[in-house]
Structure formats: structure tokens, C-alpha cells
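Visitor: See upload.txt below, with compact mmCIF, C-alpha atoms.
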```txt
# COMPACT_ATOMS: atom_id res chain seq x y z
CA MET A 1 -18.46 41.67 -17.77
CA LYS A 2 -15.12 43.01 -16.50
CA LYS A 3 -15.87 41.71 -12.98
CA LEU A 4 -16.52 38.27 -14.41
CA GLN A 5 -13.19 38.33 -16.22
CA LEU A 6 -11.41 39.31 -13.01
CA LEU A 7 -13.01 36.35 -11.26
CA LEU A 8 -11.41 34.09 -13.86
CA ILE A 9 -7.90 34.70 -12.52
CA PRO A 10 -8.33 33.25 -9.01
CA LEU A 11 -10.49 30.47 -10.46
CA LEU A 12 -7.76 29.51 -12.92
CA ILE A 13 -5.19 29.55 -10.15
CA LEU A 14 -7.37 27.26 -8.07
CA ALA A 15 -7.95 24.99 -11.03
CA PHE A 16 -4.23 24.51 -11.60
CA SER A 17 -3.13 24.06 -8.02
CA THR A 18 -3.17 20.37 -7.28
CA SER A 19 -0.93 20.09 -4.25
CA ALA A 20 -2.60 19.73 -0.90
CA ILE A 21 -2.12 22.71 1.40
CA ASP A 22 0.54 22.01 4.01
CA ILE A 23 2.86 24.50 5.59
CA HIS A 24 6.34 23.07 6.04
CA GLU A 25 9.23 25.42 6.66
CA PHE A 26 12.65 24.22 5.57
CA GLU A 27 16.00 25.76 6.33
CA THR A 28 17.67 25.16 2.99
CA GLU A 29 16.52 25.16 -0.60
CA GLU A 30 17.92 21.64 -0.94
CA GLN A 31 15.63 20.42 1.82
CA ARG A 32 12.63 22.03 0.18
CA LEU A 33 13.55 20.35 -3.11
CA ASP A 34 13.98 17.00 -1.38
CA TYR A 35 10.53 17.37 0.12
CA GLN A 36 8.99 18.21 -3.22
CA GLN A 37 10.65 15.33 -5.05
CA LEU A 38 9.96 12.78 -2.33
CA THR A 39 6.29 13.66 -1.97
CA GLU A 40 5.89 13.44 -5.73
CA GLU A 41 7.54 10.02 -5.90
CA LEU A 42 5.82 8.36 -2.96
CA ARG A 43 2.45 6.80 -3.62
CA CYS A 44 -0.62 7.51 -1.53
CA LEU A 45 -1.75 4.07 -0.42
CA VAL A 46 -5.33 5.15 0.13
CA CYS A 47 -5.85 6.91 -3.21
CA GLN A 48 -3.44 4.67 -5.04
CA ASN A 49 -3.34 6.64 -8.26
CA GLN A 50 -2.00 9.73 -6.55
CA ASN A 51 1.28 10.65 -5.00
CA ILE A 52 1.27 11.93 -1.45
CA ALA A 53 1.89 15.49 -2.66
CA ASP A 54 -1.50 15.65 -4.35
CA SER A 55 -3.63 13.35 -2.23
CA ASP A 56 -6.06 14.74 0.34
CA ALA A 57 -6.21 11.46 2.28
CA GLY A 58 -5.42 11.53 5.98
CA LEU A 59 -2.62 9.04 5.53
CA ALA A 60 -1.06 11.19 2.80
CA LYS A 61 -0.95 14.14 5.18
CA ASP A 62 0.64 11.94 7.87
CA LEU A 63 3.25 10.70 5.42
CA ARG A 64 4.01 14.24 4.21
CA ASN A 65 4.58 15.25 7.82
CA GLU A 66 6.78 12.22 8.33
CA VAL A 67 8.85 13.07 5.23
CA ALA A 68 9.27 16.67 6.43
CA LYS A 69 10.30 15.44 9.88
CA LEU A 70 12.90 13.07 8.45
CA ILE A 71 14.30 15.77 6.15
CA LYS A 72 14.73 18.09 9.11
CA GLN A 73 16.52 15.27 10.95
CA GLY A 74 19.04 15.32 8.12
CA GLN A 75 18.05 12.23 6.16
CA ASN A 76 18.51 12.18 2.40
CA GLN A 77 16.11 11.01 -0.33
CA ILE A 78 17.50 7.48 -0.45
CA GLN A 79 17.21 7.02 3.31
CA ILE A 80 13.68 8.39 3.43
CA THR A 81 12.54 6.23 0.52
CA ASP A 82 14.04 3.20 2.26
CA TYR A 83 12.19 4.15 5.44
CA MET A 84 8.89 4.12 3.57
CA VAL A 85 9.63 0.96 1.60
CA LYS A 86 10.59 -0.85 4.80
CA ARG A 87 7.13 -0.15 6.20
CA TYR A 88 4.92 -0.24 3.14
CA GLY A 89 6.78 -2.28 0.53
CA GLU A 90 8.03 -1.41 -2.96
CA PHE A 91 4.59 -0.36 -4.10
CA VAL A 92 4.87 2.88 -2.12
CA THR A 93 7.45 4.30 -4.49
CA TYR A 94 6.58 5.33 -8.02
CA SER A 95 10.02 4.38 -9.29
CA PRO A 96 10.68 0.78 -8.31
CA PRO A 97 14.31 -0.28 -8.37
CA MET A 98 15.58 -2.64 -11.05
CA GLY A 99 15.33 -6.15 -9.62
CA ALA A 100 14.59 -9.71 -10.65
CA ASP A 101 10.88 -9.13 -10.23
CA THR A 102 10.70 -5.69 -11.81
CA ILE A 103 13.03 -6.37 -14.71
CA VAL A 104 10.07 -7.39 -16.88
CA LEU A 105 8.50 -4.02 -16.17
CA TRP A 106 11.55 -2.16 -17.37
CA VAL A 107 12.54 -4.34 -20.31
CA MET A 108 9.12 -5.20 -21.79
CA PRO A 109 8.34 -1.88 -23.52
CA LEU A 110 11.76 -1.87 -25.19
CA LEU A 111 11.36 -5.49 -26.19
CA VAL A 112 7.92 -4.93 -27.69
CA PHE A 113 9.22 -1.92 -29.59
CA LEU A 114 12.17 -3.86 -30.99
CA ILE A 115 9.96 -6.78 -32.06
CA ALA A 116 7.47 -4.42 -33.69
CA ALA A 117 10.25 -2.55 -35.49
CA PHE A 118 11.74 -5.85 -36.68
CA VAL A 119 8.43 -7.12 -38.04
CA LEU A 120 7.70 -3.78 -39.67
CA ILE A 121 11.05 -3.57 -41.43
CA ARG A 122 10.75 -7.13 -42.68
CA GLY A 123 7.26 -6.35 -43.93
CA ILE A 124 8.46 -3.28 -45.80
CA LYS A 125 11.38 -5.19 -47.31
CA ARG A 126 9.14 -7.99 -48.45
CA ASN A 127 6.68 -5.58 -50.02
CA SER A 128 9.45 -3.85 -51.92
CA THR A 129 10.85 -7.17 -53.20
CA GLN A 130 7.35 -8.24 -54.20
CA ALA A 131 6.96 -5.02 -56.11
CA ASN A 132 10.23 -5.74 -57.93
CA HIS A 133 9.57 -9.43 -58.67
CA SER A 134 6.05 -10.56 -59.21
CA GLU A 135 6.71 -13.94 -57.56
CA ASP A 136 4.61 -15.24 -54.78
CA ASP A 137 6.95 -16.31 -51.95
CA SER A 138 4.44 -18.21 -49.76
CA MET B 1 4.24 -28.04 -40.82
CA ASN B 2 5.37 -25.53 -43.38
CA LYS B 3 6.52 -22.01 -42.59
CA THR B 4 3.24 -20.32 -43.46
CA VAL B 5 1.25 -22.35 -40.94
CA ILE B 6 3.76 -21.64 -38.20
CA LYS B 7 3.75 -17.93 -38.99
CA ALA B 8 -0.03 -17.88 -38.95
CA LEU B 9 -0.09 -19.48 -35.50
CA ILE B 10 2.13 -16.86 -33.88
CA PRO B 11 -0.60 -14.23 -33.34
CA LEU B 12 -2.80 -16.96 -31.89
CA LEU B 13 -0.08 -18.07 -29.48
CA ILE B 14 0.55 -14.50 -28.42
CA PHE B 15 -3.18 -14.05 -27.88
CA ILE B 16 -3.45 -17.21 -25.80
CA SER B 17 -0.51 -16.24 -23.59
CA LEU B 18 -2.06 -12.81 -23.07
CA VAL B 19 -5.35 -14.41 -22.10
CA ILE B 20 -3.62 -16.62 -19.55
CA LEU B 21 -1.64 -13.71 -18.16
CA LEU B 22 -4.61 -11.39 -17.83
CA TYR B 23 -6.96 -14.07 -16.53
CA SER B 24 -4.59 -14.80 -13.67
CA GLY B 25 -5.01 -11.20 -12.55
CA LEU B 26 -8.81 -11.26 -12.52
CA GLY B 27 -10.55 -11.23 -9.18
CA LYS B 28 -7.60 -9.83 -7.27
CA ASP B 29 -8.26 -6.66 -5.34
CA THR B 30 -5.29 -4.58 -6.41
CA ARG B 31 -5.75 -2.11 -3.58
CA LEU B 32 -4.73 -4.75 -1.03
CA LEU B 33 -1.00 -4.61 -0.43
CA PRO B 34 1.08 -7.43 1.04
CA SER B 35 2.75 -6.39 4.26
CA ALA B 36 6.41 -5.51 4.03
CA LEU B 37 6.86 -6.65 7.64
CA ILE B 38 5.99 -10.34 7.40
CA ASP B 39 8.50 -12.40 9.41
CA LYS B 40 10.04 -9.21 10.76
CA PRO B 41 9.86 -8.00 14.36
CA ILE B 42 7.22 -5.50 15.40
CA PRO B 43 8.47 -1.91 15.44
CA GLU B 44 9.40 -0.24 18.70
CA PHE B 45 6.70 1.76 20.35
CA ASN B 46 5.76 3.13 23.74
CA VAL B 47 2.22 4.40 24.08
CA PRO B 48 -0.45 4.77 26.75
CA SER B 49 -3.17 2.19 27.21
CA LEU B 50 -6.72 3.32 26.54
CA LEU B 51 -7.98 1.02 29.26
CA THR B 52 -5.49 1.37 32.10
CA GLY B 53 -3.60 4.60 31.41
CA LYS B 54 -0.30 2.73 31.93
CA ARG B 55 2.35 2.59 29.20
CA ILE B 56 2.55 -0.30 26.77
CA ASP B 57 5.65 -1.02 24.74
CA ASN B 58 6.78 -3.79 22.43
CA GLU B 59 8.39 -5.62 25.36
CA THR B 60 5.11 -5.71 27.29
CA LEU B 61 3.47 -7.82 24.63
CA LYS B 62 6.21 -10.44 24.26
CA GLY B 63 5.76 -13.96 25.54
CA GLN B 64 2.39 -14.73 24.00
CA MET B 65 0.95 -15.00 20.54
CA TYR B 66 -1.78 -12.44 19.82
CA LEU B 67 -3.74 -10.52 17.24
CA LEU B 68 -3.27 -6.78 16.98
CA ASN B 69 -6.46 -5.31 15.59
CA VAL B 70 -6.28 -1.79 14.14
CA TRP B 71 -9.59 -0.01 14.68
CA ALA B 72 -11.16 3.39 15.23
CA SER B 73 -14.56 4.80 16.16
CA TRP B 74 -14.79 6.58 12.79
CA CYS B 75 -14.26 3.36 10.84
CA PRO B 76 -17.56 1.83 9.63
CA ASN B 77 -16.06 -1.55 8.69
CA CYS B 78 -14.66 -1.87 12.19
CA ARG B 79 -18.22 -1.90 13.42
CA ILE B 80 -19.04 -4.66 10.94
CA GLU B 81 -16.02 -6.63 12.05
CA HIS B 82 -16.68 -6.16 15.76
CA PRO B 83 -18.97 -9.19 16.34
CA ILE B 84 -16.37 -11.39 14.61
CA VAL B 85 -13.62 -10.08 16.89
CA THR B 86 -15.85 -10.56 19.91
CA GLU B 87 -16.64 -14.13 18.89
CA PHE B 88 -12.96 -14.89 18.27
CA VAL B 89 -12.08 -13.66 21.75
CA ARG B 90 -14.92 -15.67 23.22
CA GLN B 91 -13.33 -18.83 21.81
CA ASN B 92 -10.22 -18.13 23.89
CA ILE B 93 -7.70 -19.05 21.20
CA ILE B 94 -5.27 -16.16 21.58
CA PRO B 95 -5.83 -12.69 23.01
CA VAL B 96 -6.65 -9.70 20.83
CA TYR B 97 -5.04 -6.33 21.48
CA GLY B 98 -6.38 -3.20 19.89
CA LEU B 99 -4.53 -0.37 18.17
CA ASN B 100 -6.82 2.63 18.38
CA TYR B 101 -5.71 4.40 15.20
CA LYS B 102 -6.01 8.16 14.65
CA ASP B 103 -8.92 8.39 17.04
CA GLU B 104 -10.01 10.52 19.99
CA PRO B 105 -9.83 8.51 23.23
CA ALA B 106 -13.21 9.93 24.26
CA ASP B 107 -14.80 8.73 21.00
CA ALA B 108 -13.04 5.38 21.29
CA ASN B 109 -14.36 4.84 24.82
CA ALA B 110 -17.88 5.80 23.78
CA TRP B 111 -17.66 3.28 20.93
CA LEU B 112 -16.51 0.53 23.29
CA ASN B 113 -19.26 1.33 25.76
CA GLN B 114 -21.80 1.07 23.01
CA PHE B 115 -20.55 -2.06 21.23
CA GLY B 116 -18.58 -3.88 23.89
CA ASN B 117 -14.86 -4.29 24.53
CA PRO B 118 -13.22 -7.56 23.39
CA TYR B 119 -9.64 -6.30 23.71
CA LYS B 120 -7.18 -7.45 26.34
CA ASP B 121 -5.64 -4.00 26.12
CA ILE B 122 -5.65 -1.10 23.69
CA LEU B 123 -2.76 0.96 22.37
CA VAL B 124 -3.53 4.64 21.88
CA ASP B 125 -2.19 5.98 18.57
CA ILE B 126 -3.78 9.39 18.18
CA ASP B 127 -1.55 10.73 15.42
CA GLY B 128 -1.08 7.43 13.61
CA LEU B 129 2.69 7.28 14.08
CA VAL B 130 2.66 3.74 15.46
CA GLY B 131 0.45 2.88 12.50
CA ILE B 132 3.03 4.21 10.06
CA ASP B 133 5.72 2.04 11.68
CA PHE B 134 3.45 -0.98 11.26
CA GLY B 135 2.70 -0.09 7.63
CA VAL B 136 -0.95 0.57 8.41
CA TYR B 137 -2.79 2.43 5.70
CA GLY B 138 -6.37 2.16 6.87
CA ALA B 139 -8.72 0.51 9.28
CA PRO B 140 -9.57 -2.23 9.99
CA GLU B 141 -6.36 -4.21 9.67
CA THR B 142 -5.18 -7.12 11.81
CA PHE B 143 -1.70 -8.46 12.51
CA LEU B 144 -0.87 -11.94 13.78
CA ILE B 145 2.19 -11.65 16.03
CA ASP B 146 4.00 -14.54 17.67
CA ALA B 147 5.42 -14.85 21.16
CA GLN B 148 8.81 -13.47 20.07
CA GLY B 149 7.21 -10.36 18.64
CA ILE B 150 7.57 -11.41 14.99
CA ILE B 151 4.77 -10.42 12.61
CA ARG B 152 3.57 -13.57 10.89
CA HIS B 153 0.57 -12.34 8.92
CA LYS B 154 -1.45 -9.26 8.13
CA ILE B 155 -5.07 -9.03 7.08
CA VAL B 156 -6.08 -5.84 5.32
CA GLY B 157 -9.78 -5.20 5.78
CA GLU B 158 -12.19 -6.88 8.12
CA LEU B 159 -11.64 -10.15 9.91
CA ASN B 160 -14.29 -12.61 8.78
CA PRO B 161 -14.94 -16.29 9.41
CA TYR B 162 -13.30 -17.12 6.07
CA ASN B 163 -9.93 -15.49 6.62
CA ILE B 164 -9.87 -16.52 10.27
CA GLN B 165 -10.42 -20.13 9.26
CA ASN B 166 -8.08 -20.17 6.26
CA GLU B 167 -5.36 -17.68 7.13
CA ILE B 168 -5.22 -17.04 10.87
CA LEU B 169 -5.88 -20.43 12.44
CA PRO B 170 -3.38 -22.40 10.33
CA LEU B 171 -0.67 -19.86 11.12
CA ILE B 172 -1.50 -19.91 14.83
CA LYS B 173 -0.99 -23.66 14.73
CA LYS B 174 2.24 -23.27 12.81
CA TYR B 175 3.91 -20.69 15.03
CA LYS B 176 2.60 -21.52 18.45
```
In C-alpha cells, what does this structure look like?

Guide:
Amino acid sequence: MKKLQLLLIPLLILAFSTSAIDIHEFETEEQRLDYQQLTEELRCLVCQNQNIADSDAGLAKDLRNEVAKLIKQGQNQIQITDYMVKRYGEFVTYSPPMGADTIVLWVMPLLVFLIAAFVLIRGIKRNSTQANHSEDDS
Amino acid sequence: MNKTVIKALIPLLIFISLVILLYSGLGKDTRLLPSALIDKPIPEFNVPSLLTGKRIDNETLKGQMYLLNVWASWCPNCRIEHPIVTEFVRQNIIPVYGLNYKDEPADANAWLNQFGNPYKDILVDIDGLVGIDFGVYGAPETFLIDAQGIIRHKIVGELNPYNIQNEILPLIKKYK
């Protein structure tokens, strides 16, 4: 039974590790952080629900290598994101910039929330006035 | 119309607008991405030719309109598309160049020997770096490129008689 419990540890570690195995050596901690953030924010275009950090697709590996190469050439996150967007379009980044076409995306949730809150408050107010006066206001 | 009727219609109107919005999205394959390079020049590259061993670069291809067909020996849909490409070349409209994407030259040559070679020339892109510059994310894909080296259209997935007729031919006419 003890052996079985010991087996659990490496299995749990495997279960929680989602990043694909790549060895990239960076000179500074900032570069390593850039790499991590970029690969988590760039979409894998083959497995389109994953970022390139997690995806096992061949293209994801190529793009991870490309990101690492650009970081080592001294490019920053904005430049590297631009590089990818120039080739693959806005869809490749998980955080699209605010623009005329994406403004609906950003504003809609807030708008829906505000409308819902407005309707709710009015509904509560009306119920409380109905409780106070027994008039029908329709 | 009194207020009550109008208020009662609001959920219906919202529902109808949702139906219209969602219906317009039906039938679209959301995995197909529009190319970010339409009406932009082809990226710079300098690679060996699979057929001649000489170098090909973006200057070599200028001066004629052509299709650049991304293919590989490991790509099953490329095999499906192959007769269509062959037929297109046979009609002598514009030449078709190949981009052999993330493939082994030996495998690529074996594939061509087995199925036939329709390409005027073939760019070798073993590590897919030229592909990345073109915004390639799989095979097969085909680019329509004009005589000045400007990308005018991209087809993601196989060429077929339908998209050749409705997408490629009209644009060839337009930009020739």
C-alpha cells in the first residue's frame, strides 16, 4: 500500500504539468518571464483553444522557438506580439487590443450587467411600492 | 400602443436580434483564419529549390502571377488536392510553385515520384520558418501572388473546383 502511495506523487506532478517540454535557456530572469508571458498569451492556431505554451502541435513548438529566438535578439513583448500579429492576424493573441471592431467585445459584458442591474433595481422598487399601495399600475 | 404592450415586446425583440446574430454565424468554419498578409508583399526568403538545388528568393519569383501551394508528404489532404493542382497546371493559366513545408526532401521527392510533379519549382522549408513568415499554420494552403509579389488571396485547406472557380479565377482576372 505504501508503494502505491509513493507512486501517487509523480503521477500528481504529471497530472498538473500542462506546459509542453521545451528547453530554452535565457540569460536574464526578465527574458524568462517574457517568454512565459508571451507563450501564454499567444494562441496556438492548430489547437485554437490552447496557448502555445500548452499546445503539443508542431506549429506551437515552432512558434515557441521563434519567440525564444526573438527574445534573445533583444525584442520586447510588444515587438514580438506585433511580429506574430503581422503574420497571423489579431486572432493569434489572446488579448486583442481595443479597436473599432473589438470595442463590442470589451463593452458588451459591462453593458449587459448595467442593463440587468437597472431592470432588477426597478423591479425591486416596483415590488416595494406595490407592497405599500395595493394599486395595480399596469 | 400602450406602455404594457411595448414592454412586453422587448424580450421578443431581443430574442429576434439574437436569432439574427447567431444565425449569421452558422455554417462558418471558425478554424479558418483570414490571412493577415492580403494586399501585402510576400516576405523575404532565400531557400534552396527541391528540384534544381539552386537558390530561390522573393526576387526570383517576381514578374509573373502564380500560385504558391503549401504542401508536404505527411499531409493527407495534400494528396487529395493533388489531382486538382495537376489539372489546374494542365490548363496553363498561371504557374504553380510549391512550398514544401516542414518535410524531409527525401520524402518529398518520393511523394512527387509517386504522384507526379505539377510544380514549376519547389521551395524547401524544412523547419517551417518561411511558413511562419507567410502566416502558414497547416497544409495544404495556397496563396495567389501577383507579378509585383503582392499576396492577393489565401486559401486555407485544399484547392477544389469550387474555390478555384469562385475565388482564384476572378482574382487572377482582376490583378493580371

Visitor: Restricting the calculation to all atoms listed in the file: of A:Lys61, A:Lys125, A:Lys86, A:Lys3, which residue gets closest to chain B?

Guide: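 For chain B, the nearest of the given residues is A:Lys86.
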
Visitor: May I ask which of the residues B:Leu33, B:Ile172, B:Val130, B:Ile93 is the closest one to Gly157 in chain B, counting all atoms listed in the file?

Guide: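 Among the listed residues, the smallest separation from Gly157 in chain B belongs to B:Leu33.
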
Visitor: For a test of reading the model, state the distance in Å between CA of Arg43 in chain A and CA of Ser55 in chain A, rounded to one decimal.

Guide: 9.0 Å

Visitor: How far is it from CA of Glu25 in chain A to CA of Tyr83 in chain A, in Å with one decimal?

Guide: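 We find that CA of Glu25 in chain A and CA of Tyr83 in chain A lie 21.5 Å from each other.
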
Visitor: Excluding Ala60 in chain A and residues on its chain fewer than 3 positions from it, collect all residues at most 10 Å away from it, counting only C-alpha atoms, and give them as a ChimeraX atom specification.

Guide: /A:20,39,42-47,50-57,63-66 /B:137

Visitor: Counting all atoms listed in the file, collect the residues of chain B whose closest atom lies at most 10 Å from chain A, and write them out as a ChimeraX atom specification.

Guide: /B:2-4,30-37,43,102,127-129,131-138

Visitor: Considering all atoms listed in the file, state which residue in the set B:Gly149, B:Gly25, B:Pro140, B:Gly98 is at the smallest distance from Leu51 in chain B.

Guide: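 Selected residue with least distance to Leu51 in chain B: B:Gly98.
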
Visitor: Take the point (-2.0, -11.2, 17.0) as written in the file and pick out every residue within 8 Å of it, counting all atoms listed in the file; give the list as a ChimeraX atom specification.

Guide: /B:65-69,94-97,142-146

Visitor: The selected residues should be written to file as a short mmCIF file (atom, residue, chain, number, x, y, z; two decimals), in the coordinates of the input (atoms: C-alpha atoms).

Guide:
```cif
data_model
loop_
_atom_site.label_atom_id
_atom_site.label_comp_id
_atom_site.auth_asym_id
_atom_site.auth_seq_id
_atom_site.Cartn_x
_atom_site.Cartn_y
_atom_site.Cartn_z
CA MET B 65 0.95 -15.00 20.54
CA TYR B 66 -1.78 -12.44 19.82
CA LEU B 67 -3.74 -10.52 17.24
CA LEU B 68 -3.27 -6.78 16.98
CA ASN B 69 -6.46 -5.31 15.59
CA ILE B 94 -5.27 -16.16 21.58
CA PRO B 95 -5.83 -12.69 23.01
CA VAL B 96 -6.65 -9.70 20.83
CA TYR B 97 -5.04 -6.33 21.48
CA THR B 142 -5.18 -7.12 11.81
CA PHE B 143 -1.70 -8.46 12.51
CA LEU B 144 -0.87 -11.94 13.78
CA ILE B 145 2.19 -11.65 16.03
CA ASP B 146 4.00 -14.54 17.67
#
```

Visitor: Can you measure CA of Pro97 in chain A to CA of Leu110 in chain A for me? One decimal in Å is fine.

Guide: 17.1 Å

Visitor: Near Tyr101 in chain B, counting all atoms listed in the file, which residues have an atom at most 6 Å away, once you skip same-chain residues fewer than 6 positions from it, shown as a list in words?

Guide: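 Close residues of Tyr101 in chain B: Trp71, Ala72, Asp125 and Gly128 of chain B.
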
Visitor: Mind listing whatever residues come within 10 Å of the point (2.5, -1.5, 27.8)? Use all atoms listed in the file, file coordinates, and give them as number ranges by chain.

Guide: B: 45-49, 52-61, 121-123
